[in-house]
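S.K.: My questions will all concern the structure given below.
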Amino acid sequence: MAFPASAGEALNGWAVETPGPIGTGPLARIRRPAPRPGPGDLLLRVEACGVCRTDLHLSEGDLTPRHASVIPGHEIVGRVIAVGDGVTQFRTGDRAGGAWLRGTCGTCRYCRAGRENLCPWSVYTGWDVDGGFADLTVVPESFAYRLPGDRDPVLLAPLLCAGIIGYRALRRSVLPEGGRLGIYGFGASAHLAAQVALAEGATVHVLTRSEPARELALELGASSVGSAQDKPPEPLDSAILFAPVGDLVPVALEALDRSGTLAVAGIHLSDIPVLNYQRHLFQERNLRSVTSNTRQDGRDFLALAERIGIQVTTSPYPLSRADEALADLAADRVNGAAVLVPS
């Protein structure tokens with residue numbers, strides 16, 4: 001195992017100490033001994049880490065932390081500074097990315113069928129294992145993504161979850177070629193998924209309560225924008241709900257054309273109101289959830305993002321202001337994707 005000369009340095013970052021409303025300060029500053037890479041692991045010096053709504057759900061207790069004082073963050077861009085035994089695909093100095101899906105059993109029927117996102121024994125970065133709200137982190141080589149070394153890490157970070165999950169949600173929405181897509185909520189994932197849909201010839205309608213987000217949607221090429229409760233100007237072939245608001249499920253279902261599909265993209269959703277069969281589901285409308293992603297989703301999306309020249313809108317924060325970044329995300333004050341940058 002190779003380890004850098006500065007092996008004695010410490011990890012500096014943030015951990016979820018007492019989950020609760022963001023105003024109660026669930027994140028705490030931490031300083032710990034630097035982690036060491038185990039067999040098959042990469043030790044990364046973090047260059048940037050995106051802030052995902054899942055990190056907010058974890059901090060506020062909507063998702064129960066899997067261990068005490070877990071470090072959130074799963075949109076990680078870093079440089080390899082050490083490798084564990086058995087690593088063959090990365091060397092020190094390479095740039096690598098760590099994402100939400102961190103490990104699967106590899107042998108269950110879901111893994112064998114190429115549906116590893118449904119593995120009952122899957123584990124996740126920043127939930128089961130410490131993530132990227134720190135200046136150092138460990139990522140398994142088999143779940144790491146090779147990233148271009150000459151790109152701005154702040155612009156790469158959101159691709160590793162917001163982009164990948166948005167891509168899977170788009171595919172789960174079964175958008176037909178040249179179809180009409182409605183997007184409910186327009187944050188980090190949505191502004192990336194919209195660009196994929198537009199590049200593939202779709203008409204995109206964005207419905208969100210944020211005025212800056214509506215402006216961004218129009219800049220990116222959306223055909224119309226409105227508030228989340230508005231009716232789009234035409235029936236939709238597909239829709240994606242990115243906002244974690246169950247009240248919007250019947251709104252989006254009612255906006256679908258016959259045989260249309262609504263994909264719910266979040267890991268957490270507030271309660272869905274009672275649905276009326278005739279108004280919301282009849283005429284073969286479909287309601288689908290999105291659960292994590294496969295590594296192939298990640299590879300496919302990153303290649304597509306490079307090919308279409310996807311534009312990433314970011315709001316960078318120094319790592320020292322991670323708690324402020326989460327508070328801004330909770331209050332819809334972030335345009336595009338919030339990204340933490342260690343000093």
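In the structure tokens, chains take the letters A, B, ... in the order shown, each chain's residues start at 1, and ligands count up from 1 in the order shown.
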Quick one: everything within 12 Å of A:Arg209, counting only C-alpha atoms, minus sequence neighbours fewer than 4 positions away in the same chain. Send it as a VMD selection string.

M.R.: chain A and resid 183 to 187 213 to 215 225 to 230 243 245 248 331 to 333

S.K.: With a distance cut-off of 6 Å and only C-alpha atoms, select the neighbouring residues of A:Ile81, excluding the residue or stretch itself and same-chain residues fewer than 4 positions from it, and output the selection as a list of chain:residue names.

M.R.: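 Selected residues are A:Leu43, A:Leu44, A:Thr92.
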
S.K.: Limited to all heavy atoms, could you put the picked residues into a file as a tab-separated table (two decimals), in the first residue's frame?

M.R.:
chain	number	residue	atom	x	y	z
A	43	LEU	N	-7.55	6.72	-1.45
A	43	LEU	CA	-7.63	7.87	-0.54
A	43	LEU	C	-7.57	9.12	-1.39
A	43	LEU	O	-6.63	9.32	-2.16
A	43	LEU	CB	-6.49	7.86	0.47
A	43	LEU	CG	-6.44	9.07	1.42
A	43	LEU	CD1	-7.68	9.14	2.31
A	43	LEU	CD2	-5.17	9.04	2.29
A	44	LEU	N	-8.61	9.97	-1.27
A	44	LEU	CA	-8.69	11.19	-2.07
A	44	LEU	C	-8.50	12.43	-1.21
A	44	LEU	O	-9.03	12.51	-0.10
A	44	LEU	CB	-10.07	11.29	-2.75
A	44	LEU	CG	-10.52	10.15	-3.65
A	44	LEU	CD1	-11.86	10.53	-4.30
A	44	LEU	CD2	-9.49	9.83	-4.71
A	92	THR	N	-1.58	7.35	-7.80
A	92	THR	CA	-1.53	8.63	-7.12
A	92	THR	C	-1.41	9.74	-8.16
A	92	THR	O	-0.71	9.61	-9.17
A	92	THR	CB	-0.35	8.70	-6.14
A	92	THR	OG1	0.86	8.43	-6.84
A	92	THR	CG2	-0.54	7.68	-5.02

S.K.: Nearest residue to A:Ala193 out of A:Ser173, A:Thr314, A:Ser270, A:Ser259, using only C-alpha atoms?

M.R.: A:Ser173

S.K.: Can you tell me which residues surround A:Gly40 at a distance of at most 9 Å, considering only C-alpha atoms, apart from same-chain residues fewer than 2 positions away, and format the answer as number ranges by chain?

M.R.: A: 37-38, 42, 83-88, 139-142

S.K.: Looking only at helix (DSSP H, G or I) from DSSP on the backbone, list the matching residues of stretch 22-59 of chain A as a CSV table (one decimal) with C-alpha atoms, in the first residue's frame.

M.R.:
chain,number,residue,atom,x,y,z
A,22,ILE,CA,-31.3,22.8,9.8
A,23,GLY,CA,-31.9,25.8,12.1
A,24,THR,CA,-30.9,23.7,15.1
A,53,ARG,CA,-30.8,17.4,-1.0
A,54,THR,CA,-30.1,13.9,0.4
A,55,ASP,CA,-27.5,15.5,2.6
A,56,LEU,CA,-30.2,17.8,3.9
A,57,HIS,CA,-32.6,14.9,4.5
A,58,LEU,CA,-29.8,13.1,6.4
A,59,SER,CA,-29.0,16.2,8.5

S.K.: Quick one: of A:Arg288, A:His268, A:Arg307, A:Arg29, who's nearest to A:Leu63, counting only C-alpha atoms?

M.R.: A:His268
